[in-house]
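These notes are about the structure you will find just below.
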Amino acid sequence: MTTLVIKNGFVYDPLNKIDGEKMDVTVSDGKIVEKVHERGAEIIDASGMVVMPGGVDIHCHVAGAEVNTGRLLRPEDHLKDVEAKTALTRSGVGYSIPSTFTTGYRYARMGYTTIMNPSMPPLEARHTHEELDDTPMVDKASYPLLGDWWFVLEYLRDGNIKDCAAHVAWIMKATKGYAIKIVNPGGLEAWGFGRNVRSINDPVPNFGITPREIIRGLCKVNKLLNLPHTIHVHTNNLGIPGNYVTALETMKCVEDLANDGKPVIHITHCQFSAFKGSDWRTFGSGAQEIADYVNKHNHVTLDMGQIIFTDTTTMTADGPFQYGLYQLTGNKWVNHDVETETSSGIVPFRYRRKSAVNATQWSIGLELALLVEDPWRIYMTTDHPNGGPFTAYPKIITWLMSRKARDETMKRISRRAKRNSLLPSIDREYSFFEIATVTRAGQAKALGLTWKGHLGVGADADVAIYEVDPEQVDPSKKYKTVRRAFKSAAYTIKDGEIVARDDKIVKPVHGKTFWVNTDLSSTFEVAEDMKRRFREYWTVEYENYMIPEDYLHASTPISV
Ligand SMILES: [Zn+2]
């Protein structure tokens, strides 16, 4: 194993409260260590550069049936972005939905080392893991969709939290999942009948349960199982004007379940849930109200779901939302119902600067990130590819770090959006320390990945080095220099080895797949019950539903 010394960089390691200190980082056997003998060690001269832990993405759709259907739907997306084969890497295609290998390479070139695939129908878990296994360079995990799963709904309707927890523990093991994902709770079940739910108190057809009860029930299950991440929630009414009220109600409905000051709910791609107005003509930003709430309550974390002005592909498990988007755009689309579990939809979409709605969405994402005071509570995402491809992250970093960069974009957006935007009233500019928080440290902390997102002794030696000198470059003014630096890391180090350098992959590696392994001693009865139900409800046999551990290339169970 390689021994490395990263010398003289400006280190930003928020979890260890290191804020730009000029120091060495030493690596041995894939871990950060106290010190090494420099003789025989590989030395990286990082003077004049920024050193951060490897990037962590809490929410990016990169693998599985949904993503792959998106690829099939959009040959034009492949045509415009082709990645050539090299001596070390495979070829690939795709701008907003790159093929698996290309996805891994592109993340690694930006200094990212861990990514989370946020929506996996349990029935399609096998396909999802096949694609994740084919996504090199990064560690990964996937969240099974459980908020509309028939059996979860039944247990929660009967108030049977304990059996529901046993059931969820089983599904995590069966699908090799990492966290409880809830998408439009109850709404997807209603969508099976061409309907939706309108608020968190609207009853779900056939189940006599409300979204509020689903969210609260799964939040309790999450706590009972002591899962590393909180429930990961895509709110009801996502993408609909006026939905910031629903987002606030969703956060409030688990307020009393937070007992030790730790977060119990993550609201994902919050931008899409922070809309004001009663229709698209009165559409506006609810970012202030959401930020006010988050600033006063510590049981919530968010990620941005920032949009980028570009042509992308939207894909969510939220069937009714995607249907609405199809009606708005008239684009080609796919809508799909996954047996008893969930639904999904895919619609290509172009966000336009001159569209008042899209430009306001752009503003809302940034307003959220700038108005939420604590960077540990909001993380940088685009909900890739929903708000835009993850390759746009460097652009978002500059909008966060530079008022000037925001103003430049503002000049070119819809006049109505400009008039209503809160951005001109916000002076805040993120520091490198805060950028390190919202792109790695905070995300790793929220995910309970205690050995990631920092450079303390014992952490995985996942490191990103960017060629920008914080003593020479003022990111507020020279934002283009910053953007260039974050676009292609000078070095990406994964498990102690240099894997990318100056925008080139120099060593392809496989990443690990994390999943939570709960104590199943109490779940035997559930399994028996499940076997019976499989015959009734699913097209797949129980035995084929379970993914054996050796099916994964580098299975890494996390025991809870
Ligand atoms: Zn998403």
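Note on naming: chains are A, B, ... as they come in the structure tokens, residues start from 1 per chain, ligands start from 1 in the order shown.
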Let me see if you get this right: every residue at most 7 Å from ligand 1, counting only C-alpha atoms and all ligand atoms, written as a PyMOL selection string. chain A and resi 59-61+118-119+269+316+383-384+386
Please produce a file of those selected residues containing N, CA and C atoms, as a PDB file, in the first residue's frame.
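Output below, filename part.pdb:
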```pdb
ATOM      1  N   HIS A  59     -27.204  12.974  -2.654  1.00  0.00           N
ATOM      2  CA  HIS A  59     -28.412  12.723  -3.448  1.00  0.00           C
ATOM      3  C   HIS A  59     -28.140  12.934  -4.936  1.00  0.00           C
ATOM      4  N   CYS A  60     -27.907  11.839  -5.667  1.00  0.00           N
ATOM      5  CA  CYS A  60     -27.706  11.947  -7.112  1.00  0.00           C
ATOM      6  C   CYS A  60     -28.216  10.665  -7.768  1.00  0.00           C
ATOM      7  N   HIS A  61     -29.086  10.822  -8.744  1.00  0.00           N
ATOM      8  CA  HIS A  61     -29.642   9.650  -9.421  1.00  0.00           C
ATOM      9  C   HIS A  61     -28.649   9.188 -10.478  1.00  0.00           C
ATOM     10  N   PRO A 118     -30.298   7.950  -4.612  1.00  0.00           N
ATOM     11  CA  PRO A 118     -31.361   8.137  -3.626  1.00  0.00           C
ATOM     12  C   PRO A 118     -32.691   7.461  -3.898  1.00  0.00           C
ATOM     13  N   SER A 119     -32.889   6.813  -5.037  1.00  0.00           N
ATOM     14  CA  SER A 119     -34.218   6.218  -5.149  1.00  0.00           C
ATOM     15  C   SER A 119     -34.159   4.874  -5.842  1.00  0.00           C
ATOM     16  N   HIS A 269     -33.660  17.981  -2.033  1.00  0.00           N
ATOM     17  CA  HIS A 269     -33.853  18.960  -3.114  1.00  0.00           C
ATOM     18  C   HIS A 269     -34.924  19.985  -2.740  1.00  0.00           C
ATOM     19  N   THR A 316     -37.990  11.129 -11.223  1.00  0.00           N
ATOM     20  CA  THR A 316     -38.257  10.894  -9.806  1.00  0.00           C
ATOM     21  C   THR A 316     -39.227   9.730  -9.694  1.00  0.00           C
ATOM     22  N   ASP A 383     -29.788  17.581  -7.198  1.00  0.00           N
ATOM     23  CA  ASP A 383     -30.701  16.459  -7.377  1.00  0.00           C
ATOM     24  C   ASP A 383     -30.407  15.845  -8.753  1.00  0.00           C
ATOM     25  N   HIS A 384     -29.124  15.711  -9.062  1.00  0.00           N
ATOM     26  CA  HIS A 384     -28.702  15.225 -10.380  1.00  0.00           C
ATOM     27  C   HIS A 384     -29.575  14.065 -10.851  1.00  0.00           C
ATOM     28  N   ASN A 386     -31.986  16.042 -11.991  1.00  0.00           N
ATOM     29  CA  ASN A 386     -33.246  16.791 -12.028  1.00  0.00           C
ATOM     30  C   ASN A 386     -33.074  18.310 -12.152  1.00  0.00           C
TER      31      ASN A 386
END
```
Applying 6 Å and only C-alpha atoms, which residues near stretch 87-92 of chain A remain after dropping the ones on its own chain fewer than 4 positions away? List them as a ChimeraX atom specification. /A:83,99,102
From A:Lys173, A:Arg216, A:His336, A:His553, residue lying nearest A:Ala317 [only C-alpha atoms]: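 Checking each candidate against A:Ala317, we get A:His336 as the closest.
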In Å, how far is it from atom CA of A:Val5 to atom CA of A:Val25? 5.9 Å
Sort by chain and increasing residue number a table of all residues of stretch 354-447 of chain A within 7 Å of stretch 459-477 of chain A, each with its closest pair of atoms and their distance in Å to one decimal, counting only C-alpha atoms, and write it as CSV.
```
residue,atom,partner,partner_atom,distance
A:Met401,CA,A:Ser476,CA,5.9
A:Ser402,CA,A:Ser476,CA,4.0
A:Arg403,CA,A:Ser476,CA,6.5
A:Lys404,CA,A:Ser476,CA,6.6
```
Can I get the selection written as a PDB file, in the first residue's frame, with C-alpha atoms?
```
ATOM      1  CA  MET A 401     -18.762  32.164  -2.909  1.00  0.00           C
ATOM      2  CA  SER A 402     -19.216  35.247  -5.039  1.00  0.00           C
ATOM      3  CA  ARG A 403     -21.897  37.883  -5.111  1.00  0.00           C
ATOM      4  CA  LYS A 404     -20.360  39.059  -8.342  1.00  0.00           C
TER       5      LYS A 404
END
```
Shortest contact to A:Met49, candidates A:Tyr430, A:Phe486, A:Trp515, A:Tyr351, atoms counted only C-alpha atoms, goes to A:Phe486
So which residues touch stretch 505-508 of chain A within 10 Å, counting only C-alpha atoms, skipping near sequence neighbours fewer than 3 positions away, as a list in words? Thr86, Ala87, Leu88, Thr89, Arg90, Phe101, Gly104, Tyr105, Arg106, Ala108, Arg109, Pro136, Met137, Val138, Tyr491, Thr492, Ile493, Lys494, Glu497, Ile498, Val499, Ala500, Arg501, Asp502 and Gly511 of chain A
Those selected residues, please, written with N, CA, C and O atoms and delivered as a tab-separated table (two decimals), in the first residue's frame.
```
chain	number	residue	atom	x	y	z
A	86	THR	N	-9.56	5.68	-23.12
A	86	THR	CA	-8.12	5.90	-23.00
A	86	THR	C	-7.47	4.56	-22.65
A	86	THR	O	-8.16	3.54	-22.52
A	87	ALA	N	-6.15	4.60	-22.47
A	87	ALA	CA	-5.46	3.34	-22.13
A	87	ALA	C	-6.00	2.77	-20.82
A	87	ALA	O	-5.97	1.57	-20.58
A	88	LEU	N	-6.50	3.65	-19.96
A	88	LEU	CA	-6.94	3.21	-18.63
A	88	LEU	C	-8.45	3.18	-18.45
A	88	LEU	O	-8.96	2.48	-17.58
A	89	THR	N	-9.15	3.98	-19.23
A	89	THR	CA	-10.58	4.14	-18.97
A	89	THR	C	-11.43	3.70	-20.15
A	89	THR	O	-10.97	3.67	-21.29
A	90	ARG	N	-12.67	3.41	-19.84
A	90	ARG	CA	-13.61	3.00	-20.89
A	90	ARG	C	-14.26	4.22	-21.53
A	90	ARG	O	-14.31	5.29	-20.93
A	101	PHE	N	-19.69	4.11	-16.22
A	101	PHE	CA	-18.26	4.34	-16.04
A	101	PHE	C	-17.94	5.84	-16.11
A	101	PHE	O	-17.19	6.37	-15.29
A	104	GLY	N	-18.66	7.66	-12.88
A	104	GLY	CA	-17.59	7.51	-11.89
A	104	GLY	C	-16.38	8.37	-12.21
A	104	GLY	O	-15.85	9.06	-11.34
A	105	TYR	N	-15.97	8.38	-13.47
A	105	TYR	CA	-14.79	9.17	-13.86
A	105	TYR	C	-15.04	10.66	-13.60
A	105	TYR	O	-14.17	11.38	-13.13
A	106	ARG	N	-16.24	11.13	-13.97
A	106	ARG	CA	-16.50	12.57	-13.85
A	106	ARG	C	-16.54	13.01	-12.39
A	106	ARG	O	-16.07	14.09	-12.05
A	108	ALA	N	-14.86	11.58	-9.98
A	108	ALA	CA	-13.48	11.51	-9.48
A	108	ALA	C	-12.67	12.71	-9.97
A	108	ALA	O	-11.86	13.27	-9.23
A	109	ARG	N	-12.92	13.14	-11.18
A	109	ARG	CA	-12.15	14.28	-11.71
A	109	ARG	C	-12.49	15.57	-10.97
A	109	ARG	O	-11.71	16.51	-10.97
A	136	PRO	N	-17.27	3.16	-11.35
A	136	PRO	CA	-15.98	3.04	-10.65
A	136	PRO	C	-15.62	4.30	-9.87
A	136	PRO	O	-16.37	5.28	-9.89
A	137	MET	N	-14.53	4.31	-9.22
A	137	MET	CA	-13.86	5.46	-8.60
A	137	MET	C	-14.46	5.92	-7.27
A	137	MET	O	-13.78	6.56	-6.48
A	138	VAL	N	-15.74	5.64	-7.03
A	138	VAL	CA	-16.41	6.21	-5.85
A	138	VAL	C	-17.02	5.11	-4.98
A	138	VAL	O	-17.39	4.05	-5.48
A	491	TYR	N	-5.48	16.80	-7.78
A	491	TYR	CA	-5.34	15.39	-7.38
A	491	TYR	C	-6.64	14.93	-6.74
A	491	TYR	O	-7.23	15.65	-5.94
A	492	THR	N	-7.07	13.72	-7.07
A	492	THR	CA	-8.10	13.05	-6.27
A	492	THR	C	-7.47	11.79	-5.72
A	492	THR	O	-6.89	10.98	-6.47
A	493	ILE	N	-7.56	11.64	-4.41
A	493	ILE	CA	-6.97	10.48	-3.75
A	493	ILE	C	-8.09	9.64	-3.16
A	493	ILE	O	-8.95	10.16	-2.45
A	494	LYS	N	-8.12	8.36	-3.55
A	494	LYS	CA	-9.19	7.48	-3.06
A	494	LYS	C	-8.54	6.33	-2.30
A	494	LYS	O	-7.67	5.65	-2.85
A	497	GLU	N	-4.79	6.26	-2.62
A	497	GLU	CA	-4.08	6.19	-3.91
A	497	GLU	C	-4.51	7.34	-4.82
A	497	GLU	O	-5.69	7.71	-4.82
A	498	ILE	N	-3.56	7.86	-5.56
A	498	ILE	CA	-3.91	8.93	-6.50
A	498	ILE	C	-4.68	8.30	-7.66
A	498	ILE	O	-4.14	7.46	-8.38
A	499	VAL	N	-5.94	8.68	-7.81
A	499	VAL	CA	-6.76	8.06	-8.86
A	499	VAL	C	-7.06	9.02	-10.01
A	499	VAL	O	-7.34	8.59	-11.13
A	500	ALA	N	-7.01	10.32	-9.73
A	500	ALA	CA	-7.20	11.30	-10.81
A	500	ALA	C	-6.22	12.44	-10.61
A	500	ALA	O	-5.88	12.81	-9.48
A	501	ARG	N	-5.75	12.98	-11.74
A	501	ARG	CA	-4.79	14.06	-11.68
A	501	ARG	C	-5.00	14.99	-12.84
A	501	ARG	O	-5.06	14.55	-13.99
A	502	ASP	N	-5.16	16.29	-12.54
A	502	ASP	CA	-5.33	17.30	-13.58
A	502	ASP	C	-6.34	16.86	-14.65
A	502	ASP	O	-6.03	16.83	-15.83
A	511	GLY	N	-15.21	1.18	-6.27
A	511	GLY	CA	-15.59	1.69	-4.96
A	511	GLY	C	-16.30	0.61	-4.16
A	511	GLY	O	-16.62	-0.46	-4.68
```
Within stretch 3-132 of chain A, find each residue whose DSSP state, derived from the backbone, is helix (DSSP H, G or I), and express the selection as a ChimeraX atom specification. /A:14-16,65-73,75-79,100-109,122-132
Please report, as JSON lines, each residue of stretch 142-252 of chain A lying at most 10 Å from stretch 277-292 of chain A, together with the nearest pair of atoms and the separation in Å rounded to one decimal; use only C-alpha atoms, and order rows by chain and ascending residue number.
```
{"residue": "A:Ile240", "atom": "CA", "partner": "A:Asp279", "partner_atom": "CA", "distance": 8.0}
{"residue": "A:Pro241", "atom": "CA", "partner": "A:Gly277", "partner_atom": "CA", "distance": 5.3}
{"residue": "A:Gly242", "atom": "CA", "partner": "A:Gly277", "partner_atom": "CA", "distance": 4.9}
{"residue": "A:Asn243", "atom": "CA", "partner": "A:Gly286", "partner_atom": "CA", "distance": 8.5}
{"residue": "A:Tyr244", "atom": "CA", "partner": "A:Gly286", "partner_atom": "CA", "distance": 5.7}
{"residue": "A:Val245", "atom": "CA", "partner": "A:Gly286", "partner_atom": "CA", "distance": 8.4}
{"residue": "A:Ala247", "atom": "CA", "partner": "A:Ile290", "partner_atom": "CA", "distance": 7.8}
{"residue": "A:Leu248", "atom": "CA", "partner": "A:Ile290", "partner_atom": "CA", "distance": 6.6}
{"residue": "A:Met251", "atom": "CA", "partner": "A:Ile290", "partner_atom": "CA", "distance": 9.5}
```
Quick one: write out the picked residues with C-alpha atoms as a short mmCIF file (atom, residue, chain, number, x, y, z; two decimals), in the first residue's frame?
```
data_model
loop_
_atom_site.label_atom_id
_atom_site.label_comp_id
_atom_site.auth_asym_id
_atom_site.auth_seq_id
_atom_site.Cartn_x
_atom_site.Cartn_y
_atom_site.Cartn_z
CA ILE A 240 -46.42 22.71 -7.26
CA PRO A 241 -46.85 26.46 -6.50
CA GLY A 242 -47.61 27.10 -2.84
CA ASN A 243 -45.87 23.91 -1.69
CA TYR A 244 -43.56 25.64 0.80
CA VAL A 245 -46.46 25.26 3.24
CA ALA A 247 -42.58 21.49 3.27
CA LEU A 248 -43.02 23.42 6.54
CA MET A 251 -40.73 19.41 8.98
#
```
Any idea what's packed within 12 Å of A:Ile346, counting only C-alpha atoms, ignoring anything in its chain fewer than 2 positions away? Could you give it as a PyMOL selection string? chain A and resi 61+65-74+97+312-326+331-336+343-344+348-349+385-386
Mind checking which residues fall within 6 Å of A:Asn8, counting only C-alpha atoms, ignoring those fewer than 6 positions away in the same chain, and posting them as a list in words?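 In the requested format, the answer is Lys22, Met23, Asp24, Ala46 and Ser47 of chain A.
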Polymer residues at most 8 Å from A:Met52, only C-alpha atoms, same-chain spacing of 2 or more positions, as a PDB file with C-alpha atoms, in the first residue's frame:
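result_17.pdb, written as the output of this step:
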```pdb
ATOM      1  CA  VAL A  11      -6.278  22.361   4.604  1.00  0.00           C
ATOM      2  CA  TYR A  12     -10.045  22.792   5.007  1.00  0.00           C
ATOM      3  CA  ASP A  13     -11.351  20.062   7.275  1.00  0.00           C
ATOM      4  CA  VAL A  50      -6.548  23.828  -1.265  1.00  0.00           C
ATOM      5  CA  GLY A  54     -13.056  13.861  -0.879  1.00  0.00           C
ATOM      6  CA  ALA A 436     -16.004  22.145   2.391  1.00  0.00           C
ATOM      7  CA  HIS A 454     -12.823  14.587   7.207  1.00  0.00           C
ATOM      8  CA  LEU A 455      -9.041  14.234   7.408  1.00  0.00           C
ATOM      9  CA  VAL A 463      -8.722  13.581  -0.411  1.00  0.00           C
ATOM     10  CA  ALA A 464      -9.261  16.271  -3.026  1.00  0.00           C
ATOM     11  CA  ILE A 465      -6.617  18.861  -3.881  1.00  0.00           C
TER      12      ILE A 465
END
```
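Considering the residues A:Val183, A:Val347, A:Gly387, A:Val254 and counting only C-alpha atoms, A:Phe272 has its shortest atom-to-atom contact with A:Gly387.
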